[in-house]
Amino acid sequence: MFELILATAALAASATETQKDPVIEQLSKDFYSLEIGEFRKPIPFRNRHERSAERAVKKANCDMYAEVGWVHARVDFAMQVSSDGRITKIIPVDTGCRALENYVINHLQEYAGGNDVVLRPGSGKWYRQSMTFRWPE
């Protein structure tokens, strides 16, 4: 039980540090002025990726935008790219559903984790991109 409390405190401390990160604050202000990052190949989605995203959202009890019987979720994110085209850091724009943001980060790390993934790489250059999901309400 004590280990669980320590882990929760460490997680809360890291979340506080992330909120104070000046890079994240600056990216949040300038997000739409970033160049759109183009992937060399389409990032494959897992089979039924909307279903996985839906499960993550429902498990976290997130309130998502719904229109005419469909939930529409979009996660914008900034990604830092190294000179060899590897994504080194991913920072999502706050959607109000951290579980969905984490799903996108994990998906990108799994499928876009290699070298030479992004066109026009730059040493530490930031780009923007997004992933969209929809599922029946």
# chains A, B, ... in the order shown; residues from 1 in each chain; ligands from 1
>>> select_by_dssp(residues="stretch 13-137 of chain A", states="alpha helix (DSSP H)", output="MDAnalysis selection string")
chainID A and resid 13:20 22:30 49:59 98:111
>>> closest_atom_pairs(of="stretch 90-127 of chain A", to="stretch 53-59 of chain A", cutoff="8 Å", atoms="only C-alpha atoms", output="CSV")
residue,atom,partner,partner_atom,distance
A:Cys97,CA,A:Val57,CA,7.0
A:Ala99,CA,A:Ala56,CA,5.8
A:Leu100,CA,A:Val57,CA,6.0
A:Tyr103,CA,A:Ala53,CA,6.8
>>> closest_residue(among="A:Arg98, A:Arg128, A:Lys41, A:Arg120", to="A:Met64", atoms="only C-alpha atoms")
A:Arg98
>>> closest_residue(among="A:Arg51, A:Lys125, A:His72, A:Lys89", to="A:Leu34", atoms="only C-alpha atoms")
A:Lys125
>>> closest_residue(among="A:Glu35, A:Gly114, A:Arg40, A:Met79", to="A:Val93", atoms="only C-alpha atoms")
A:Met79
>>> closest_residue(among="A:Arg74, A:Glu38, A:Lys29, A:Asn61", to="A:Ser130", atoms="only C-alpha atoms")
A:Arg74
>>> residues_around(residues="A:Val117", least_positions_apart="2", cutoff="9 Å", atoms="only C-alpha atoms", output="list in words")
Glu38, Phe39, Arg40, Lys41, Asp84, Gly85, Arg86, Ile87, Ala112, Gly113, Gly114, Asn115, Leu119 and Pro121 of chain A
>>> write_last_selection(atoms="C-alpha atoms", output="PDB file, in the first residue's frame")
ATOM      1  CA  GLU A  38       5.108  14.729 -42.981  1.00  0.00           C
ATOM      2  CA  PHE A  39       5.776  11.039 -42.473  1.00  0.00           C
ATOM      3  CA  ARG A  40       7.697   9.159 -45.167  1.00  0.00           C
ATOM      4  CA  LYS A  41       5.182   6.306 -45.019  1.00  0.00           C
ATOM      5  CA  ASP A  84      18.274  11.401 -38.650  1.00  0.00           C
ATOM      6  CA  GLY A  85      14.471  11.683 -38.847  1.00  0.00           C
ATOM      7  CA  ARG A  86      13.697   9.964 -35.538  1.00  0.00           C
ATOM      8  CA  ILE A  87      10.888  11.297 -33.356  1.00  0.00           C
ATOM      9  CA  ALA A 112       7.052   5.612 -35.875  1.00  0.00           C
ATOM     10  CA  GLY A 113       9.945   4.776 -33.600  1.00  0.00           C
ATOM     11  CA  GLY A 114      12.612   4.166 -36.249  1.00  0.00           C
ATOM     12  CA  ASN A 115      15.050   6.410 -38.075  1.00  0.00           C
ATOM     13  CA  LEU A 119      10.581  14.162 -44.150  1.00  0.00           C
ATOM     14  CA  PRO A 121      14.327  16.270 -40.435  1.00  0.00           C
TER      15      PRO A 121
END
>>> select_by_dssp(residues="stretch 17-134 of chain A", states="strand (DSSP E or B)", output="compact mmCIF listing (two decimals) with N, CA and C atoms, in the first residue's frame")
# COMPACT_ATOMS: atom_id res chain seq x y z
N GLU A 35 5.49 23.96 -38.43
CA GLU A 35 5.34 23.32 -39.73
C GLU A 35 4.72 21.93 -39.52
N ILE A 36 3.87 21.52 -40.46
CA ILE A 36 3.25 20.20 -40.37
C ILE A 36 4.30 19.14 -40.69
N PHE A 39 5.14 12.34 -42.64
CA PHE A 39 5.78 11.04 -42.47
C PHE A 39 6.15 10.48 -43.84
N ALA A 66 -19.60 14.78 -29.14
CA ALA A 66 -20.41 13.86 -29.94
C ALA A 66 -21.34 14.67 -30.84
N GLU A 67 -21.51 14.18 -32.06
CA GLU A 67 -22.38 14.85 -33.02
C GLU A 67 -23.14 13.79 -33.83
N TRP A 70 -22.24 10.13 -33.23
CA TRP A 70 -20.83 9.74 -33.36
C TRP A 70 -19.96 10.61 -32.46
N VAL A 71 -19.00 9.99 -31.83
CA VAL A 71 -18.00 10.72 -31.05
C VAL A 71 -16.83 11.02 -31.98
N HIS A 72 -16.40 12.25 -31.99
CA HIS A 72 -15.26 12.68 -32.80
C HIS A 72 -14.16 13.14 -31.85
N ALA A 73 -13.01 12.54 -31.98
CA ALA A 73 -11.87 12.90 -31.12
C ALA A 73 -10.66 13.17 -31.99
N ARG A 74 -10.02 14.29 -31.73
CA ARG A 74 -8.81 14.65 -32.46
C ARG A 74 -7.74 15.01 -31.45
N VAL A 75 -6.56 14.44 -31.64
CA VAL A 75 -5.44 14.74 -30.76
C VAL A 75 -4.36 15.40 -31.61
N ASP A 76 -4.14 16.69 -31.36
CA ASP A 76 -3.04 17.41 -32.00
C ASP A 76 -1.81 17.20 -31.13
N PHE A 77 -0.65 17.08 -31.77
CA PHE A 77 0.56 16.90 -30.99
C PHE A 77 1.74 17.53 -31.71
N ALA A 78 2.70 17.95 -30.90
CA ALA A 78 3.97 18.46 -31.43
C ALA A 78 4.98 17.33 -31.27
N MET A 79 5.85 17.20 -32.26
CA MET A 79 6.87 16.16 -32.18
C MET A 79 8.22 16.76 -32.51
N GLN A 80 9.20 16.42 -31.72
CA GLN A 80 10.57 16.86 -31.95
C GLN A 80 11.27 15.79 -32.78
N VAL A 81 11.97 16.22 -33.82
CA VAL A 81 12.60 15.29 -34.75
C VAL A 81 14.10 15.54 -34.78
N ILE A 87 11.70 10.50 -34.28
CA ILE A 87 10.89 11.30 -33.36
C ILE A 87 11.46 11.10 -31.96
N THR A 88 11.91 12.19 -31.35
CA THR A 88 12.56 12.09 -30.04
C THR A 88 11.65 12.50 -28.89
N LYS A 89 10.64 13.30 -29.17
CA LYS A 89 9.73 13.74 -28.12
C LYS A 89 8.37 14.03 -28.72
N ILE A 90 7.30 13.65 -28.01
CA ILE A 90 5.93 13.89 -28.47
C ILE A 90 5.19 14.59 -27.34
N ILE A 91 4.60 15.74 -27.66
CA ILE A 91 3.84 16.49 -26.67
C ILE A 91 2.45 16.76 -27.23
N PRO A 92 1.41 16.12 -26.64
CA PRO A 92 0.06 16.36 -27.14
C PRO A 92 -0.51 17.68 -26.62
N VAL A 118 10.42 10.94 -40.59
CA VAL A 118 9.84 12.23 -40.95
C VAL A 118 10.65 12.87 -42.08
N LYS A 125 14.27 19.90 -34.36
CA LYS A 125 13.20 20.72 -34.94
C LYS A 125 11.84 20.17 -34.50
N TRP A 126 10.90 21.08 -34.25
CA TRP A 126 9.55 20.71 -33.82
C TRP A 126 8.58 20.81 -35.00
N TYR A 127 7.69 19.84 -35.09
CA TYR A 127 6.63 19.81 -36.10
C TYR A 127 5.30 19.56 -35.40
N ARG A 128 4.21 19.78 -36.13
CA ARG A 128 2.90 19.45 -35.58
C ARG A 128 2.23 18.41 -36.47
N GLN A 129 1.33 17.66 -35.88
CA GLN A 129 0.58 16.64 -36.59
C GLN A 129 -0.63 16.30 -35.73
N SER A 130 -1.55 15.48 -36.24
CA SER A 130 -2.72 15.10 -35.46
C SER A 130 -3.18 13.71 -35.83
N MET A 131 -3.94 13.12 -34.94
CA MET A 131 -4.61 11.84 -35.20
C MET A 131 -6.07 12.03 -34.85
N THR A 132 -6.94 11.51 -35.69
CA THR A 132 -8.38 11.63 -35.45
C THR A 132 -9.01 10.25 -35.27
N PHE A 133 -10.03 10.22 -34.46
CA PHE A 133 -10.76 9.00 -34.16
C PHE A 133 -12.25 9.31 -34.19
N ARG A 134 -13.05 8.29 -34.48
CA ARG A 134 -14.49 8.43 -34.33
C ARG A 134 -15.07 7.05 -34.07
>>> atom_distance(atom1="atom CA of A:Ser123", atom2="atom CA of A:Val104")
23.1 Å
>>> atom_distance(atom1="atom CA of A:Glu137", atom2="atom CA of A:Glu101")
19.5 Å
>>> atom_distance(atom1="atom CA of A:Tyr65", atom2="atom CA of A:Gly96")
10.8 Å
>>> decode(residues="stretch 118-134 of chain A", atoms="all heavy atoms", output="mmCIF file, in the first residue's frame")
data_model
loop_
_atom_site.group_PDB
_atom_site.id
_atom_site.type_symbol
_atom_site.label_atom_id
_atom_site.label_comp_id
_atom_site.auth_asym_id
_atom_site.auth_seq_id
_atom_site.Cartn_x
_atom_site.Cartn_y
_atom_site.Cartn_z
ATOM 1 N N VAL A 118 10.416 10.942 -40.588
ATOM 2 C CA VAL A 118 9.837 12.231 -40.951
ATOM 3 C C VAL A 118 10.646 12.868 -42.079
ATOM 4 O O VAL A 118 11.872 12.853 -42.069
ATOM 5 C CB VAL A 118 9.803 13.167 -39.723
ATOM 6 C CG1 VAL A 118 9.257 14.529 -40.081
ATOM 7 C CG2 VAL A 118 8.992 12.536 -38.613
ATOM 8 N N LEU A 119 9.928 13.417 -43.074
ATOM 9 C CA LEU A 119 10.581 14.162 -44.150
ATOM 10 C C LEU A 119 11.156 15.461 -43.586
ATOM 11 O O LEU A 119 10.633 16.015 -42.623
ATOM 12 C CB LEU A 119 9.578 14.503 -45.250
ATOM 13 C CG LEU A 119 9.049 13.340 -46.078
ATOM 14 C CD1 LEU A 119 7.919 13.826 -46.988
ATOM 15 C CD2 LEU A 119 10.149 12.726 -46.909
ATOM 16 N N ARG A 120 12.181 15.997 -44.205
ATOM 17 C CA ARG A 120 12.828 17.248 -43.803
ATOM 18 C C ARG A 120 13.190 17.266 -42.317
ATOM 19 O O ARG A 120 12.768 18.154 -41.573
ATOM 20 C CB ARG A 120 11.936 18.439 -44.142
ATOM 21 C CG ARG A 120 11.668 18.602 -45.612
ATOM 22 C CD ARG A 120 10.868 19.847 -45.925
ATOM 23 N NE ARG A 120 9.685 20.031 -45.133
ATOM 24 C CZ ARG A 120 8.489 19.499 -45.404
ATOM 25 N NH1 ARG A 120 8.327 18.744 -46.445
ATOM 26 N NH2 ARG A 120 7.457 19.743 -44.632
ATOM 27 N N PRO A 121 13.964 16.266 -41.855
ATOM 28 C CA PRO A 121 14.327 16.270 -40.435
ATOM 29 C C PRO A 121 15.251 17.439 -40.115
ATOM 30 O O PRO A 121 15.888 18.003 -40.985
ATOM 31 C CB PRO A 121 15.046 14.933 -40.246
ATOM 32 C CG PRO A 121 15.573 14.601 -41.598
ATOM 33 C CD PRO A 121 14.598 15.179 -42.581
ATOM 34 N N GLY A 122 15.288 17.770 -38.860
ATOM 35 C CA GLY A 122 16.179 18.825 -38.402
ATOM 36 C C GLY A 122 16.653 18.481 -37.015
ATOM 37 O O GLY A 122 15.967 17.792 -36.272
ATOM 38 N N SER A 123 17.785 18.947 -36.639
ATOM 39 C CA SER A 123 18.309 18.630 -35.323
ATOM 40 C C SER A 123 17.482 19.339 -34.258
ATOM 41 O O SER A 123 17.616 20.537 -34.042
ATOM 42 C CB SER A 123 19.770 19.060 -35.230
ATOM 43 O OG SER A 123 20.287 18.683 -33.994
ATOM 44 N N GLY A 124 16.599 18.598 -33.621
ATOM 45 C CA GLY A 124 15.754 19.160 -32.576
ATOM 46 C C GLY A 124 14.611 20.008 -33.089
ATOM 47 O O GLY A 124 14.024 20.771 -32.335
ATOM 48 N N LYS A 125 14.266 19.903 -34.364
ATOM 49 C CA LYS A 125 13.197 20.718 -34.937
ATOM 50 C C LYS A 125 11.837 20.173 -34.504
ATOM 51 O O LYS A 125 11.634 18.973 -34.418
ATOM 52 C CB LYS A 125 13.313 20.708 -36.461
ATOM 53 C CG LYS A 125 12.371 21.688 -37.123
ATOM 54 C CD LYS A 125 12.689 21.855 -38.586
ATOM 55 C CE LYS A 125 11.709 22.856 -39.191
ATOM 56 N NZ LYS A 125 11.920 23.051 -40.599
ATOM 57 N N TRP A 126 10.902 21.080 -34.250
ATOM 58 C CA TRP A 126 9.547 20.713 -33.825
ATOM 59 C C TRP A 126 8.583 20.812 -35.001
ATOM 60 O O TRP A 126 8.647 21.757 -35.782
ATOM 61 C CB TRP A 126 9.075 21.626 -32.701
ATOM 62 C CG TRP A 126 9.739 21.346 -31.406
ATOM 63 C CD1 TRP A 126 10.864 21.931 -30.916
ATOM 64 C CD2 TRP A 126 9.331 20.401 -30.429
ATOM 65 N NE1 TRP A 126 11.187 21.410 -29.702
ATOM 66 C CE2 TRP A 126 10.258 20.466 -29.368
ATOM 67 C CE3 TRP A 126 8.265 19.500 -30.337
ATOM 68 C CZ2 TRP A 126 10.148 19.671 -28.230
ATOM 69 C CZ3 TRP A 126 8.164 18.702 -29.200
ATOM 70 C CH2 TRP A 126 9.095 18.791 -28.169
ATOM 71 N N TYR A 127 7.687 19.840 -35.094
ATOM 72 C CA TYR A 127 6.633 19.807 -36.105
ATOM 73 C C TYR A 127 5.304 19.560 -35.397
ATOM 74 O O TYR A 127 5.262 19.138 -34.250
ATOM 75 C CB TYR A 127 6.866 18.663 -37.103
ATOM 76 C CG TYR A 127 8.088 18.819 -37.950
ATOM 77 C CD1 TYR A 127 9.287 18.229 -37.588
ATOM 78 C CD2 TYR A 127 8.045 19.545 -39.130
ATOM 79 C CE1 TYR A 127 10.419 18.358 -38.375
ATOM 80 C CE2 TYR A 127 9.174 19.688 -39.924
ATOM 81 C CZ TYR A 127 10.348 19.086 -39.541
ATOM 82 O OH TYR A 127 11.461 19.224 -40.323
ATOM 83 N N ARG A 128 4.212 19.776 -36.126
ATOM 84 C CA ARG A 128 2.897 19.449 -35.580
ATOM 85 C C ARG A 128 2.232 18.412 -36.473
ATOM 86 O O ARG A 128 2.525 18.302 -37.657
ATOM 87 C CB ARG A 128 2.021 20.682 -35.443
ATOM 88 C CG ARG A 128 1.586 21.298 -36.755
ATOM 89 C CD ARG A 128 0.739 22.550 -36.497
ATOM 90 N NE ARG A 128 0.666 23.361 -37.685
ATOM 91 C CZ ARG A 128 -0.402 23.415 -38.473
ATOM 92 N NH1 ARG A 128 -1.470 22.739 -38.181
ATOM 93 N NH2 ARG A 128 -0.385 24.168 -39.546
ATOM 94 N N GLN A 129 1.329 17.660 -35.875
ATOM 95 C CA GLN A 129 0.577 16.639 -36.588
ATOM 96 C C GLN A 129 -0.633 16.296 -35.727
ATOM 97 O O GLN A 129 -0.753 16.780 -34.602
ATOM 98 C CB GLN A 129 1.466 15.408 -36.819
ATOM 99 C CG GLN A 129 0.962 14.374 -37.780
ATOM 100 C CD GLN A 129 0.530 14.898 -39.118
ATOM 101 O OE1 GLN A 129 -0.646 15.179 -39.280
ATOM 102 N NE2 GLN A 129 1.448 15.030 -40.066
ATOM 103 N N SER A 130 -1.549 15.483 -36.244
ATOM 104 C CA SER A 130 -2.724 15.103 -35.458
ATOM 105 C C SER A 130 -3.185 13.714 -35.834
ATOM 106 O O SER A 130 -2.847 13.198 -36.901
ATOM 107 C CB SER A 130 -3.862 16.110 -35.662
ATOM 108 O OG SER A 130 -4.303 16.055 -36.998
ATOM 109 N N MET A 131 -3.938 13.117 -34.941
ATOM 110 C CA MET A 131 -4.607 11.844 -35.199
ATOM 111 C C MET A 131 -6.073 12.027 -34.850
ATOM 112 O O MET A 131 -6.407 12.678 -33.861
ATOM 113 C CB MET A 131 -4.029 10.718 -34.321
ATOM 114 C CG MET A 131 -2.666 10.255 -34.761
ATOM 115 S SD MET A 131 -2.009 8.925 -33.725
ATOM 116 C CE MET A 131 -2.982 7.554 -34.289
ATOM 117 N N THR A 132 -6.943 11.506 -35.690
ATOM 118 C CA THR A 132 -8.381 11.626 -35.448
ATOM 119 C C THR A 132 -9.010 10.253 -35.265
ATOM 120 O O THR A 132 -8.570 9.269 -35.852
ATOM 121 C CB THR A 132 -9.081 12.367 -36.600
ATOM 122 O OG1 THR A 132 -8.821 11.661 -37.820
ATOM 123 C CG2 THR A 132 -8.582 13.779 -36.728
ATOM 124 N N PHE A 133 -10.032 10.220 -34.463
ATOM 125 C CA PHE A 133 -10.761 8.999 -34.164
ATOM 126 C C PHE A 133 -12.254 9.307 -34.193
ATOM 127 O O PHE A 133 -12.661 10.439 -33.936
ATOM 128 C CB PHE A 133 -10.419 8.480 -32.758
ATOM 129 C CG PHE A 133 -8.951 8.310 -32.524
ATOM 130 C CD1 PHE A 133 -8.215 9.312 -31.939
ATOM 131 C CD2 PHE A 133 -8.323 7.137 -32.881
ATOM 132 C CE1 PHE A 133 -6.855 9.155 -31.705
ATOM 133 C CE2 PHE A 133 -6.968 6.975 -32.662
ATOM 134 C CZ PHE A 133 -6.233 7.981 -32.074
ATOM 135 N N ARG A 134 -13.048 8.290 -34.485
ATOM 136 C CA ARG A 134 -14.493 8.432 -34.330
ATOM 137 C C ARG A 134 -15.070 7.051 -34.066
ATOM 138 O O ARG A 134 -14.536 6.045 -34.509
ATOM 139 C CB ARG A 134 -15.144 9.085 -35.547
ATOM 140 C CG ARG A 134 -15.188 8.248 -36.762
ATOM 141 C CD ARG A 134 -15.827 8.976 -37.924
ATOM 142 N NE ARG A 134 -16.121 7.981 -38.935
ATOM 143 C CZ ARG A 134 -17.284 7.819 -39.503
ATOM 144 N NH1 ARG A 134 -18.265 8.612 -39.205
ATOM 145 N NH2 ARG A 134 -17.472 6.867 -40.376
#
